[in-house]
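S.K.: I have a structure here, written as structure tokens, and I will follow up with some questions on it.
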Protein chains: 2
Amino acid sequence: MSYQAEAFAQSLRQARLDKRWSQRDLSGKARIPQAHISRIESGSVDVKVSTLVELARLLDLELLLVPRSSIPAVEALIREAEANQDLRSARGLANSLQPTLRRLRIEHPKSSTTERLSTLIQDVIAIAPLFQAPGALGELENAVTVIRRAGESADDNLKDLEAAIHGLARIRNGLVHARTPVQTPAYSLDEED
Amino acid sequence: MSYQAEAFAQSLRQARLDKRWSQRDLSGKARIPQAHISRIESGSVDVKVSTLVELARLLDLELLLVPRSSIPAVEALIREAEANQDLRSARGLANSLQPTLRRLRIEHPKSSTTERLSTLIQDVIAIAPLFQAPGALGELENAVTVIRRAGESADDNLKDLEAAIHGLARIRNGLVHARTPVQTPAYSLDEED
DNA sequence: CTAGGTGATGTCTTAAACTGCATCACGTTG
DNA sequence: CAACGTGATGCAGTTTAAGACATCACCTAG
């Protein structure tokens, strides 16, 4: 509960969630009881180094002793790396909608929904850096998931899919507007709202 | 004894030695028994994170969770910082001989020993980067200590001091020669041997 | 030689991490 | 509604870090 245990706990939980693992998933891989992982992530235990290292490794993290004078540089480095990771993630998520789009093009070639999803995917890829905003990537994830699910169960009635796509469009617009524009873009990404 | 405990143990011991602290010194500051510090540095215990963090902090180190993908960059960063530290240390050590030199200038203004020490200090400062060679900084430390001690107890007979200065000169020459010369320097640092 | 500082090692005790197992409250899905 | 996965919590038992001693071998300085 003291020193900086909270920081480690936070990092571990975040890394686990990034991988979409449940505590029981991690528990199995690390051969550590789920109960204990829960206590670790809540910062209610002072773990042994071996335990921390073990969990960290499974989560693609390394425990390192860093000279205090190098800490700012190291943290900047990590932040930058994570930002680029977010950028790649945003593009990957957008691209993961391609199968849905393909199916739409076959089953509803003339629907406006199809084209709206197409341009939306392009837009998200274009503004990928904006998803470095806190929480933005999570929102994108959820929206993509909803669209994909709606796309799978889509019959002739595209209402659900329309609504899901609308949700993603709102996120996109929100991000673009939240950014203080240095210069008015030559083209506008707006259409609805 | 498993995972990477050895690495932490090594780092801690090295950091302590860099500060010229005995295990009992550290023991007092950290309020941890010397016996336990010995066991930690020998890697024979699986310390709790709180203990590691506590010791690290006293040694100007921070325990950090670093994404695996950033590890090479971070390690390069740390290596570079340490090299620069060595460079500063070499200059500092050389300058720490100034009081000895000052005393010599007063008590033996006409002695060749005085001038030899003076130029030697200048030389060491000039070739400070060469002290990044493994072990070189340690040798410099020892040589400086010996000279300072000989300087303090120097009477009219400067024999001991001469010998000590000669030792430092040998280190300097060794470093300069060990370096594969890209270009012959305009001036030579040699004089003896 | 002796005295003092170094790090390593041993023993006993206490506190706490860790295991194993069970259970719970909560939210989601069918 | 029931079924399931989620994370949190409780408890008995084992393991072990950590504190508080003492002691040792080694080296260096006086």
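Order determines the names: the first chain of the structure tokens is A, the second B, and so forth; residues in each chain are numbered 1 upward, and ligands are numbered 1 upward as they are shown.
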Output as number ranges by chain the set of chain A residues within 12 Å of chain B, with distances taken over only C-alpha atoms.

M.R.: A: 1-12, 14-15, 40, 43, 45-82, 84-85

S.K.: With C-alpha atoms retained, could you export that selection as an mmCIF file, in the first residue's frame?

M.R.:
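Written out: result23.cif:
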data_model
loop_
_atom_site.group_PDB
_atom_site.id
_atom_site.type_symbol
_atom_site.label_atom_id
_atom_site.label_comp_id
_atom_site.auth_asym_id
_atom_site.auth_seq_id
_atom_site.Cartn_x
_atom_site.Cartn_y
_atom_site.Cartn_z
ATOM 1 C CA MET A 1 0.000 0.000 0.000
ATOM 2 C CA SER A 2 3.020 2.237 0.368
ATOM 3 C CA TYR A 3 5.981 3.207 -1.836
ATOM 4 C CA GLN A 4 4.843 2.807 -5.411
ATOM 5 C CA ALA A 5 3.072 -0.520 -5.279
ATOM 6 C CA GLU A 6 0.042 1.145 -6.796
ATOM 7 C CA ALA A 7 2.019 1.982 -9.913
ATOM 8 C CA PHE A 8 3.042 -1.616 -10.485
ATOM 9 C CA ALA A 9 -0.468 -2.823 -9.765
ATOM 10 C CA GLN A 10 -1.893 -0.336 -12.245
ATOM 11 C CA SER A 11 0.605 -1.274 -14.931
ATOM 12 C CA LEU A 12 -0.026 -4.978 -14.549
ATOM 13 C CA GLN A 14 -3.570 -2.309 -17.686
ATOM 14 C CA ALA A 15 -1.219 -4.632 -19.543
ATOM 15 C CA ILE A 40 -1.791 -8.072 -6.511
ATOM 16 C CA GLY A 43 -2.181 -3.428 -4.490
ATOM 17 C CA VAL A 45 0.078 -7.322 -1.160
ATOM 18 C CA ASP A 46 3.789 -6.647 -1.250
ATOM 19 C CA VAL A 47 4.728 -9.177 -3.905
ATOM 20 C CA LYS A 48 8.049 -10.883 -4.186
ATOM 21 C CA VAL A 49 10.220 -9.827 -7.099
ATOM 22 C CA SER A 50 10.022 -13.256 -8.701
ATOM 23 C CA THR A 51 6.243 -12.994 -8.812
ATOM 24 C CA LEU A 52 6.301 -9.540 -10.317
ATOM 25 C CA VAL A 53 8.866 -10.543 -12.932
ATOM 26 C CA GLU A 54 6.871 -13.635 -13.840
ATOM 27 C CA LEU A 55 3.652 -11.727 -14.359
ATOM 28 C CA ALA A 56 5.417 -8.912 -16.174
ATOM 29 C CA ARG A 57 7.046 -11.267 -18.649
ATOM 30 C CA LEU A 58 3.769 -12.868 -19.578
ATOM 31 C CA LEU A 59 2.478 -9.380 -20.230
ATOM 32 C CA ASP A 60 5.457 -8.416 -22.409
ATOM 33 C CA LEU A 61 6.925 -6.185 -19.743
ATOM 34 C CA GLU A 62 10.349 -6.219 -18.147
ATOM 35 C CA LEU A 63 11.292 -5.115 -14.684
ATOM 36 C CA LEU A 64 14.296 -2.841 -14.876
ATOM 37 C CA LEU A 65 16.515 -0.875 -12.517
ATOM 38 C CA VAL A 66 16.993 2.515 -14.095
ATOM 39 C CA PRO A 67 19.351 5.265 -12.877
ATOM 40 C CA ARG A 68 17.291 8.107 -11.517
ATOM 41 C CA SER A 69 18.948 10.572 -13.874
ATOM 42 C CA SER A 70 17.703 8.591 -16.857
ATOM 43 C CA ILE A 71 14.106 8.276 -15.689
ATOM 44 C CA PRO A 72 12.651 11.256 -17.598
ATOM 45 C CA ALA A 73 14.254 10.137 -20.845
ATOM 46 C CA VAL A 74 13.097 6.572 -20.346
ATOM 47 C CA GLU A 75 9.546 7.580 -19.553
ATOM 48 C CA ALA A 76 9.423 9.801 -22.610
ATOM 49 C CA LEU A 77 10.681 6.915 -24.682
ATOM 50 C CA ILE A 78 7.989 4.609 -23.357
ATOM 51 C CA ARG A 79 5.249 7.168 -23.848
ATOM 52 C CA GLU A 80 6.277 7.688 -27.429
ATOM 53 C CA ALA A 81 6.403 3.962 -28.090
ATOM 54 C CA GLU A 82 2.945 3.526 -26.598
ATOM 55 C CA ASN A 84 2.838 4.759 -31.825
ATOM 56 C CA GLN A 85 1.326 1.540 -30.609
#

S.K.: Taking only C-alpha atoms (C1' of nucleotides) into account, find every residue of chain D that has an atom no more than 10 Å from chain A, and write it out as a list in words.

M.R.: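 In the required form, that comes to DG5, DT6, DG7, DA8, DT9 and DA17 of chain D.
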
S.K.: How would the residues just picked look written out with N, CA and C atoms (P, O5', C5', C4', C3', O3' and C1' of nucleotides) as a compact mmCIF listing (two decimals), in the first residue's frame?

M.R.:
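This is the output file again-v1.txt:
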# COMPACT_ATOMS: atom_id res chain seq x y z
P DG D 5 -18.07 -20.06 -18.54
O5' DG D 5 -17.49 -18.58 -18.39
C5' DG D 5 -17.70 -17.63 -19.43
C4' DG D 5 -17.33 -16.25 -18.93
C3' DG D 5 -15.98 -16.20 -18.20
O3' DG D 5 -15.22 -15.09 -18.65
C1' DG D 5 -17.69 -15.35 -16.80
P DT D 6 -13.73 -14.86 -18.11
O5' DT D 6 -13.92 -13.71 -17.04
C5' DT D 6 -14.39 -12.42 -17.48
C4' DT D 6 -14.75 -11.56 -16.30
C3' DT D 6 -13.70 -11.50 -15.20
O3' DT D 6 -12.72 -10.53 -15.52
C1' DT D 6 -15.94 -11.63 -14.32
P DG D 7 -11.33 -10.55 -14.80
O5' DG D 7 -11.68 -9.94 -13.36
C5' DG D 7 -12.19 -8.62 -13.27
C4' DG D 7 -12.65 -8.36 -11.85
C3' DG D 7 -11.53 -8.37 -10.80
O3' DG D 7 -11.71 -7.29 -9.90
C1' DG D 7 -13.20 -9.90 -10.19
P DA D 8 -10.64 -7.14 -8.67
O5' DA D 8 -11.50 -7.61 -7.40
C5' DA D 8 -12.74 -6.98 -7.14
C4' DA D 8 -13.36 -7.55 -5.87
C3' DA D 8 -12.43 -7.56 -4.65
O3' DA D 8 -13.11 -7.06 -3.52
C1' DA D 8 -13.24 -9.75 -5.08
P DT D 9 -12.28 -6.72 -2.19
O5' DT D 9 -12.56 -8.01 -1.30
C5' DT D 9 -13.89 -8.41 -1.06
C4' DT D 9 -13.92 -9.74 -0.33
C3' DT D 9 -12.90 -9.87 0.81
O3' DT D 9 -13.60 -10.05 2.02
C1' DT D 9 -13.01 -11.83 -0.52
P DA D 17 12.82 -16.09 0.53
O5' DA D 17 12.68 -14.51 0.72
C5' DA D 17 11.52 -13.85 0.26
C4' DA D 17 11.07 -12.79 1.26
C3' DA D 17 12.16 -11.81 1.66
O3' DA D 17 11.59 -10.53 1.77
C1' DA D 17 11.35 -12.90 3.58

S.K.: Please build the interface table for chain C against chain A with a cut-off of 12 Å, listing for each qualifying residue the nearest atom pair and the distance in Å to one decimal; count only C-alpha atoms (C1' of nucleotides), order rows by chain and increasing number, and write it as a tab-separated table.

M.R.:
residue	atom	partner	partner_atom	distance
C:DA16	C1'	A:Asp46	CA	8.6
C:DA17	C1'	A:Val47	CA	6.7
C:DC18	C1'	A:His36	CA	7.8
C:DT19	C1'	A:Pro33	CA	7.4
C:DG20	C1'	A:Pro33	CA	8.3
C:DC21	C1'	A:Pro33	CA	10.5
C:DA22	C1'	A:Ala35	CA	11.3
C:DT23	C1'	A:Ala35	CA	11.8

S.K.: So that I can check the surroundings of DA3 in chain D, please list as a compact mmCIF listing (two decimals) with C-alpha atoms (C1' of nucleotides), in the first residue's frame every protein, DNA and RNA residue that reaches within 12 Å of it, counting only C-alpha atoms (C1' of nucleotides) and ignoring chain neighbours fewer than 3 positions away.

M.R.:
# COMPACT_ATOMS: atom_id res chain seq x y z
C1' DT C 28 -23.88 -10.22 -19.67
C1' DT C 29 -25.94 -13.72 -22.62
C1' DG C 30 -29.03 -17.22 -23.78

S.K.: I'd like the interatomic distance between CA of Ser96 in chain A and CA of Thr145 in chain A, to a tenth of an Å.

M.R.: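 Interatomic distance here is 9.6 Å.
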
S.K.: Just checking: using only C-alpha atoms (C1' of nucleotides), which residue out of D:DA20, D:DA2, D:DG10, D:DT15 ends up closest to DC12 in chain C?

M.R.: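 Under the stated criterion, the closest residue is D:DA20.
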
S.K.: Rank B:Gly135, B:Ile125, B:Asp25, B:Arg16 by their smallest atom-to-atom distance to DG5 in chain C, using only C-alpha atoms (C1' of nucleotides), and report the top residue only.

M.R.: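 Looking only at the distances to DG5 in chain C, the closest residue turns out to be B:Asp25.
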
S.K.: Would you please extract all strand (DSSP E or B) residues from range 23-94 of chain B, as assigned by DSSP on the backbone, and give them as a JSON list (two decimals) with N, CA and C atoms, in the first residue's frame?

M.R.:
[["chain", "number", "residue", "atom", "x", "y", "z"],
["B", 48, "LYS", "N", 11.18, -8.97, -1.49],
["B", 48, "LYS", "CA", 9.89, -8.35, -1.76],
["B", 48, "LYS", "C", 10.13, -7.06, -2.52],
["B", 61, "LEU", "N", 18.42, 4.68, -7.89],
["B", 61, "LEU", "CA", 17.87, 3.85, -8.96],
["B", 61, "LEU", "C", 16.35, 3.80, -8.80],
["B", 62, "GLU", "N", 15.67, 3.53, -9.89],
["B", 62, "GLU", "CA", 14.23, 3.37, -9.84],
["B", 62, "GLU", "C", 13.85, 2.05, -10.49],
["B", 63, "LEU", "N", 12.90, 1.36, -9.87],
["B", 63, "LEU", "CA", 12.40, 0.12, -10.43],
["B", 63, "LEU", "C", 11.26, 0.45, -11.38],
["B", 64, "LEU", "N", 11.38, -0.05, -12.61],
["B", 64, "LEU", "CA", 10.42, 0.37, -13.63],
["B", 64, "LEU", "C", 9.93, -0.82, -14.44],
["B", 65, "LEU", "N", 8.66, -0.80, -14.80],
["B", 65, "LEU", "CA", 8.12, -1.80, -15.73],
["B", 65, "LEU", "C", 8.20, -1.22, -17.13],
["B", 66, "VAL", "N", 8.98, -1.85, -17.97],
["B", 66, "VAL", "CA", 9.21, -1.33, -19.31],
["B", 66, "VAL", "C", 8.67, -2.31, -20.35],
["B", 67, "PRO", "N", 7.90, -1.82, -21.32],
["B", 67, "PRO", "CA", 7.43, -2.69, -22.40],
["B", 67, "PRO", "C", 8.60, -3.36, -23.09]]

S.K.: May I ask for the distance between CA of Ala169 in chain B and C1' of DC27 in chain D, given in Å to one decimal place?

M.R.: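 So the two atoms, CA of Ala169 in chain B and C1' of DC27 in chain D, lie 27.8 Å apart.
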